[in-house]
file structure-v7.pdb (PDB, C-alpha atoms, pLDDT in the B column)
MODEL        1
ATOM      1  CA  MET E   1     -38.510 117.730  78.567  1.00 51.00           C
ATOM      2  CA  THR E   2     -39.601 115.354  75.804  1.00 57.00           C
ATOM      3  CA  THR E   3     -38.902 112.245  77.850  1.00 61.00           C
ATOM      4  CA  LEU E   4     -41.129 113.302  80.716  1.00 58.00           C
ATOM      5  CA  THR E   5     -43.371 115.770  78.830  1.00 57.00           C
ATOM      6  CA  VAL E   6     -42.751 118.297  81.597  1.00 56.00           C
ATOM      7  CA  GLY E   7     -42.720 121.895  80.478  1.00 59.00           C
ATOM      8  CA  TYR E   8     -43.553 120.963  76.898  1.00 61.00           C
ATOM      9  CA  GLY E   9     -44.036 124.156  74.895  1.00 62.00           C
ATOM     10  CA  ASP E  10     -43.011 126.517  77.672  1.00 66.00           C
ATOM     11  CA  LEU E  11     -39.644 127.310  76.104  1.00 68.00           C
ATOM     12  CA  THR E  12     -38.464 127.495  72.538  1.00 72.00           C
ATOM     13  CA  PHE E  13     -34.918 127.032  71.362  1.00 73.00           C
ATOM     14  CA  VAL E  14     -33.357 129.917  69.429  1.00 78.00           C
ATOM     15  CA  ASN E  15     -29.688 128.950  69.344  1.00 84.00           C
ATOM     16  CA  GLU E  16     -28.660 126.494  66.547  1.00 87.00           C
ATOM     17  CA  LYS E  17     -26.502 124.430  68.892  1.00 88.00           C
ATOM     18  CA  THR E  18     -29.384 124.077  71.341  1.00 84.00           C
ATOM     19  CA  LYS E  19     -31.680 122.858  68.552  1.00 83.00           C
ATOM     20  CA  TYR E  20     -29.136 120.209  67.482  1.00 87.00           C
ATOM     21  CA  PHE E  21     -28.606 119.118  71.063  1.00 87.00           C
ATOM     22  CA  SER E  22     -32.360 118.841  71.618  1.00 81.00           C
ATOM     23  CA  CYS E  23     -32.737 116.644  68.501  1.00 85.00           C
ATOM     24  CA  ILE E  24     -30.030 114.274  69.746  1.00 89.00           C
ATOM     25  CA  TYR E  25     -31.495 114.358  73.249  1.00 86.00           C
ATOM     26  CA  ILE E  26     -35.000 113.537  71.986  1.00 85.00           C
ATOM     27  CA  ILE E  27     -33.793 110.569  69.945  1.00 89.00           C
ATOM     28  CA  THR E  28     -31.599 109.280  72.782  1.00 90.00           C
ATOM     29  CA  SER E  29     -34.305 109.664  75.422  1.00 88.00           C
ATOM     30  CA  VAL E  30     -36.895 107.863  73.299  1.00 88.00           C
ATOM     31  CA  ILE E  31     -34.455 104.961  72.785  1.00 92.00           C
ATOM     32  CA  VAL E  32     -33.623 104.783  76.498  1.00 92.00           C
ATOM     33  CA  VAL E  33     -37.270 104.832  77.570  1.00 90.00           C
ATOM     34  CA  ALA E  34     -38.251 102.244  74.923  1.00 91.00           C
ATOM     35  CA  SER E  35     -35.403 100.002  76.054  1.00 93.00           C
ATOM     36  CA  ALA E  36     -36.465 100.279  79.687  1.00 92.00           C
ATOM     37  CA  ILE E  37     -40.057  99.407  78.800  1.00 92.00           C
ATOM     38  CA  GLY E  38     -38.861  96.447  76.729  1.00 93.00           C
ATOM     39  CA  LYS E  39     -36.690  95.150  79.566  1.00 94.00           C
ATOM     40  CA  PHE E  40     -39.559  95.497  82.004  1.00 92.00           C
ATOM     41  CA  GLY E  41     -41.783  93.487  79.649  1.00 92.00           C
ATOM     42  CA  ALA E  42     -39.108  90.810  79.235  1.00 93.00           C
ATOM     43  CA  ILE E  43     -38.823  90.483  83.006  1.00 94.00           C
ATOM     44  CA  GLN E  44     -42.597  90.037  83.263  1.00 93.00           C
ATOM     45  CA  VAL E  45     -42.509  87.279  80.621  1.00 89.00           C
ATOM     46  CA  GLU E  46     -39.618  85.547  82.403  1.00 89.00           C
ATOM     47  CA  ILE E  47     -41.482  85.654  85.710  1.00 92.00           C
ATOM     48  CA  ALA E  48     -44.586  84.147  84.078  1.00 88.00           C
ATOM     49  CA  LEU E  49     -42.512  81.363  82.468  1.00 84.00           C
ATOM     50  CA  GLU E  50     -40.758  80.595  85.739  1.00 86.00           C
ATOM     51  CA  LYS E  51     -44.107  80.414  87.528  1.00 88.00           C
ATOM     52  CA  LYS E  52     -45.485  78.063  84.861  1.00 84.00           C
ATOM     53  CA  ARG E  53     -42.326  75.923  85.049  1.00 81.00           C
ATOM     54  CA  TYR E  54     -42.675  75.679  88.831  1.00 85.00           C
ATOM     55  CA  GLU E  55     -46.349  74.726  88.578  1.00 84.00           C
ATOM     56  CA  LEU E  56     -45.619  72.037  85.977  1.00 78.00           C
ATOM     57  CA  LEU E  57     -42.770  70.540  88.005  1.00 79.00           C
ATOM     58  CA  ASN E  58     -44.895  70.378  91.159  1.00 82.00           C
ATOM     59  CA  ARG E  59     -48.185  69.309  89.592  1.00 79.00           C
ATOM     60  CA  GLN E  60     -49.708  65.978  90.557  1.00 79.00           C
ATOM     61  CA  LEU E  61     -50.301  63.676  87.596  1.00 76.00           C
ATOM     62  CA  ASP E  62     -53.588  61.883  87.183  1.00 75.00           C
ATOM     63  CA  LEU E  63     -54.658  59.063  84.889  1.00 79.00           C
ATOM     64  CA  GLU E  64     -56.167  61.474  82.344  1.00 79.00           C
ATOM     65  CA  SER E  65     -52.864  63.373  82.043  1.00 79.00           C
ATOM     66  CA  ILE E  66     -50.913  60.162  81.544  1.00 81.00           C
ATOM     67  CA  ILE E  67     -53.331  58.937  78.878  1.00 81.00           C
ATOM     68  CA  LYS E  68     -53.005  62.287  77.063  1.00 81.00           C
ATOM     69  CA  MET E  69     -49.184  62.054  77.150  1.00 83.00           C
ATOM     70  CA  ASP E  70     -49.205  58.506  75.743  1.00 84.00           C
ATOM     71  CA  THR E  71     -49.019  59.574  72.092  1.00 82.00           C
ATOM     72  CA  ASP E  72     -47.917  56.161  70.811  1.00 82.00           C
ATOM     73  CA  LYS E  73     -50.821  54.456  72.667  1.00 82.00           C
ATOM     74  CA  SER E  74     -48.480  51.954  74.328  1.00 84.00           C
ATOM     75  CA  GLY E  75     -50.285  52.114  77.659  1.00 82.00           C
ATOM     76  CA  GLY E  76     -47.430  54.006  79.323  1.00 83.00           C
ATOM     77  CA  VAL E  77     -45.485  57.228  79.027  1.00 84.00           C
ATOM     78  CA  ASP E  78     -41.766  57.114  78.236  1.00 84.00           C
ATOM     79  CA  ARG E  79     -39.239  59.877  78.873  1.00 85.00           C
ATOM     80  CA  VAL E  80     -39.617  61.403  75.408  1.00 86.00           C
ATOM     81  CA  GLU E  81     -43.412  61.534  75.585  1.00 87.00           C
ATOM     82  CA  PHE E  82     -43.238  63.115  79.040  1.00 86.00           C
ATOM     83  CA  LEU E  83     -40.629  65.676  77.949  1.00 86.00           C
ATOM     84  CA  VAL E  84     -42.525  66.594  74.785  1.00 87.00           C
ATOM     85  CA  GLU E  85     -45.766  67.132  76.703  1.00 85.00           C
ATOM     86  CA  MET E  86     -44.055  69.306  79.321  1.00 84.00           C
ATOM     87  CA  LEU E  87     -42.402  71.422  76.600  1.00 84.00           C
ATOM     88  CA  VAL E  88     -45.721  71.823  74.799  1.00 85.00           C
ATOM     89  CA  GLN E  89     -47.502  72.858  78.002  1.00 82.00           C
ATOM     90  CA  MET E  90     -44.726  75.147  79.191  1.00 80.00           C
ATOM     91  CA  SER E  91     -43.817  76.964  75.999  1.00 81.00           C
ATOM     92  CA  GLY E  92     -46.866  76.499  73.817  1.00 80.00           C
ATOM     93  CA  LEU E  93     -44.962  74.702  71.077  1.00 83.00           C
ATOM     94  CA  ASP E  94     -47.116  73.367  68.271  1.00 86.00           C
ATOM     95  CA  ARG E  95     -46.691  69.604  68.413  1.00 85.00           C
ATOM     96  CA  LYS E  96     -47.515  69.051  64.721  1.00 86.00           C
ATOM     97  CA  LYS E  97     -45.336  71.835  63.309  1.00 89.00           C
ATOM     98  CA  GLU E  98     -42.451  72.100  65.753  1.00 89.00           C
ATOM     99  CA  ILE E  99     -41.970  68.700  67.383  1.00 88.00           C
ATOM    100  CA  GLU E 100     -43.264  65.933  65.133  1.00 88.00           C
ATOM    101  CA  PRO E 101     -40.968  66.834  62.192  1.00 91.00           C
ATOM    102  CA  TRP E 102     -37.952  66.326  64.483  1.00 90.00           C
ATOM    103  CA  LEU E 103     -39.281  63.016  65.794  1.00 89.00           C
ATOM    104  CA  LYS E 104     -39.960  61.937  62.225  1.00 90.00           C
ATOM    105  CA  ARG E 105     -36.421  62.942  61.260  1.00 90.00           C
ATOM    106  CA  PHE E 106     -35.063  60.849  64.141  1.00 89.00           C
ATOM    107  CA  ASP E 107     -37.041  57.860  62.869  1.00 89.00           C
ATOM    108  CA  GLU E 108     -35.600  58.404  59.371  1.00 87.00           C
ATOM    109  CA  LEU E 109     -32.062  58.444  60.742  1.00 88.00           C
ATOM    110  CA  ASP E 110     -32.698  55.408  62.969  1.00 89.00           C
ATOM    111  CA  LYS E 111     -32.099  53.022  60.071  1.00 86.00           C
ATOM    112  CA  ASP E 112     -32.114  49.845  62.162  1.00 86.00           C
ATOM    113  CA  GLY E 113     -35.240  50.851  64.131  1.00 86.00           C
ATOM    114  CA  SER E 114     -33.555  50.409  67.509  1.00 87.00           C
ATOM    115  CA  GLY E 115     -34.726  53.750  68.915  1.00 85.00           C
ATOM    116  CA  VAL E 116     -31.103  54.829  69.350  1.00 87.00           C
ATOM    117  CA  LEU E 117     -28.848  56.581  66.855  1.00 87.00           C
ATOM    118  CA  ASP E 118     -25.585  54.668  66.853  1.00 89.00           C
ATOM    119  CA  SER E 119     -22.699  53.660  64.598  1.00 89.00           C
ATOM    120  CA  GLU E 120     -24.865  51.053  62.869  1.00 88.00           C
ATOM    121  CA  ASP E 121     -27.294  53.779  61.795  1.00 87.00           C
ATOM    122  CA  VAL E 122     -24.412  55.890  60.479  1.00 88.00           C
ATOM    123  CA  ARG E 123     -23.097  52.921  58.518  1.00 88.00           C
ATOM    124  CA  LEU E 124     -26.537  52.173  57.060  1.00 88.00           C
ATOM    125  CA  PHE E 125     -27.086  55.858  56.248  1.00 86.00           C
ATOM    126  CA  LYS E 126     -23.751  56.092  54.409  1.00 89.00           C
ATOM    127  CA  GLU E 127     -24.521  52.873  52.565  1.00 89.00           C
ATOM    128  CA  GLU E 128     -27.910  54.248  51.508  1.00 86.00           C
ATOM    129  CA  GLU E 129     -26.332  57.511  50.318  1.00 87.00           C
ATOM    130  CA  GLU E 130     -23.752  55.612  48.275  1.00 88.00           C
ATOM    131  CA  ASN E 131     -26.487  53.513  46.668  1.00 87.00           C
ATOM    132  CA  LYS E 132     -28.404  56.653  45.752  1.00 85.00           C
ATOM    133  CA  LYS E 133     -25.299  58.249  44.216  1.00 86.00           C
ATOM    134  CA  ASN E 134     -24.550  55.107  42.249  1.00 84.00           C
ATOM    135  CA  ASN E 135     -28.133  55.008  40.979  1.00 82.00           C
ATOM    136  CA  GLY E 136     -27.974  58.633  39.817  1.00 68.00           C
ATOM    137  CA  HIS E 137     -29.948  60.201  42.673  1.00 56.00           C
ATOM    138  CA  SER E 138     -28.492  63.284  44.320  1.00 52.00           C
ATOM    139  CA  TYR E 139     -30.631  63.100  47.420  1.00 51.00           C
ATOM    140  CA  SER E 140     -29.519  64.284  50.821  1.00 50.00           C
ATOM    141  CA  GLY E 141     -31.063  63.178  54.097  1.00 50.00           C
ATOM    142  CA  TYR E 142     -31.021  66.763  55.270  1.00 50.00           C
ATOM    143  CA  GLN E 143     -33.147  67.776  52.301  1.00 51.00           C
ATOM    144  CA  SER E 144     -35.796  65.303  53.407  1.00 49.00           C
ATOM    145  CA  MET E 145     -36.122  67.099  56.754  1.00 47.00           C
ATOM    146  CA  GLY E 146     -36.822  70.370  54.995  1.00 49.00           C
ATOM    147  CA  ALA E 147     -39.329  68.710  52.688  1.00 48.00           C
ATOM    148  CA  HIS E 148     -41.134  67.026  55.580  1.00 47.00           C
ATOM    149  CA  TYR E 149     -41.100  70.211  57.603  1.00 46.00           C
ATOM    150  CA  ALA E 150     -42.444  72.243  54.676  1.00 48.00           C
ATOM    151  CA  ASP E 151     -45.140  69.612  54.083  1.00 50.00           C
ATOM    152  CA  SER E 152     -46.304  69.917  57.687  1.00 48.00           C
ATOM    153  CA  TYR E 153     -47.474  73.493  57.058  1.00 45.00           C
TER
ENDMDL
END

call {"tool": "encode", "arguments": {"input": "structure-v7.pdb", "output": "structure tokens"}}
result
Amino acid sequence: MTTLTVGYGDLTFVNEKTKYFSCIYIITSVIVVASAIGKFGAIQVEIALEKKRYELLNRQLDLESIIKMDTDKSGGVDRVEFLVEMLVQMSGLDRKKEIEPWLKRFDELDKDGSGVLDSEDVRLFKEEEENKKNNGHSYSGYQSMGAHYADSY
């Protein structure tokens, strides 16, 4: 009755067992209906995201779009710039708060400036950490990411 609001108030429960059962039934039915509504909403969101993904993948690029994607002003768009722009457009990520801190962290870890994290970067990172320990600094590279991320808010 409670789930569908049919016959609400027509009958009253007099037996104790019936009252307990109705309490459990009411709670269970509210949970089931809420879950169904939530799943329906999630499906609607997934459909909207899939539609947006399809539109982005099949969209024609123009000069204005390419210029907007060229965040380093190099005159062209590389794979990372293209990917970042598509993620921002598709999911609404905030470039300043959610993407740039990770790109900045990559640049920090790319000790030799090659644009690739490799064994040379690991060696230079370890060397830098050892120098900091020897000079009395207890600084961790991972702490810097948190500090930069917190500063971006």

call {"tool": "residues_around", "arguments": {"input": "structure-v7.pdb", "residues": "Leu124 in chain E", "least_positions_apart": "6", "cutoff": "10 Å", "atoms": "only C-alpha atoms", "output": "list in words"}}
result
Leu109, Asp110, Lys111, Asp112 and Glu130 of chain E

call {"tool": "atom_distance", "arguments": {"input": "structure-v7.pdb", "atom1": "CA of Trp102 in chain E", "atom2": "CA of Leu57 in chain E"}}
result
24.4 Å

call {"tool": "resolve_selection", "arguments": {"input": "structure-v7.pdb", "expression": "the PyMOL selection byres ((chain E and resi 65) around 12)", "output": "short mmCIF file (atom, residue, chain, number, x, y, z; two decimals) with C-alpha atoms, keeping the file's coordinate frame"}}
result
data_model
loop_
_atom_site.label_atom_id
_atom_site.label_comp_id
_atom_site.auth_asym_id
_atom_site.auth_seq_id
_atom_site.Cartn_x
_atom_site.Cartn_y
_atom_site.Cartn_z
CA LEU E 56 -45.62 72.04 85.98
CA ARG E 59 -48.18 69.31 89.59
CA GLN E 60 -49.71 65.98 90.56
CA LEU E 61 -50.30 63.68 87.60
CA ASP E 62 -53.59 61.88 87.18
CA LEU E 63 -54.66 59.06 84.89
CA GLU E 64 -56.17 61.47 82.34
CA ILE E 66 -50.91 60.16 81.54
CA ILE E 67 -53.33 58.94 78.88
CA LYS E 68 -53.00 62.29 77.06
CA MET E 69 -49.18 62.05 77.15
CA ASP E 70 -49.20 58.51 75.74
CA THR E 71 -49.02 59.57 72.09
CA GLY E 76 -47.43 54.01 79.32
CA VAL E 77 -45.48 57.23 79.03
CA GLU E 81 -43.41 61.53 75.58
CA PHE E 82 -43.24 63.12 79.04
CA GLU E 85 -45.77 67.13 76.70
CA MET E 86 -44.06 69.31 79.32
CA GLN E 89 -47.50 72.86 78.00
#

call {"tool": "residues_around", "arguments": {"input": "structure-v7.pdb", "residues": "Gly115 in chain E", "least_positions_apart": "4", "cutoff": "12 Å", "atoms": "all atoms listed in the file", "output": "PyMOL selection string"}}
result
chain E and resi 80+103-104+106-111+120-121

call {"tool": "atom_distance", "arguments": {"input": "structure-v7.pdb", "atom1": "CA of Ile31 in chain E", "atom2": "CA of Ala48 in chain E"}}
result
25.8 Å

call {"tool": "closest_residue", "arguments": {"input": "structure-v7.pdb", "among": "E:Lys39, E:Met90, E:Ser74, E:Glu16", "to": "Tyr54 in chain E", "atoms": "all atoms listed in the file"}}
result
E:Met90

call {"tool": "atom_distance", "arguments": {"input": "structure-v7.pdb", "atom1": "CA of Asp78 in chain E", "atom2": "CA of Leu49 in chain E"}}
result
24.6 Å
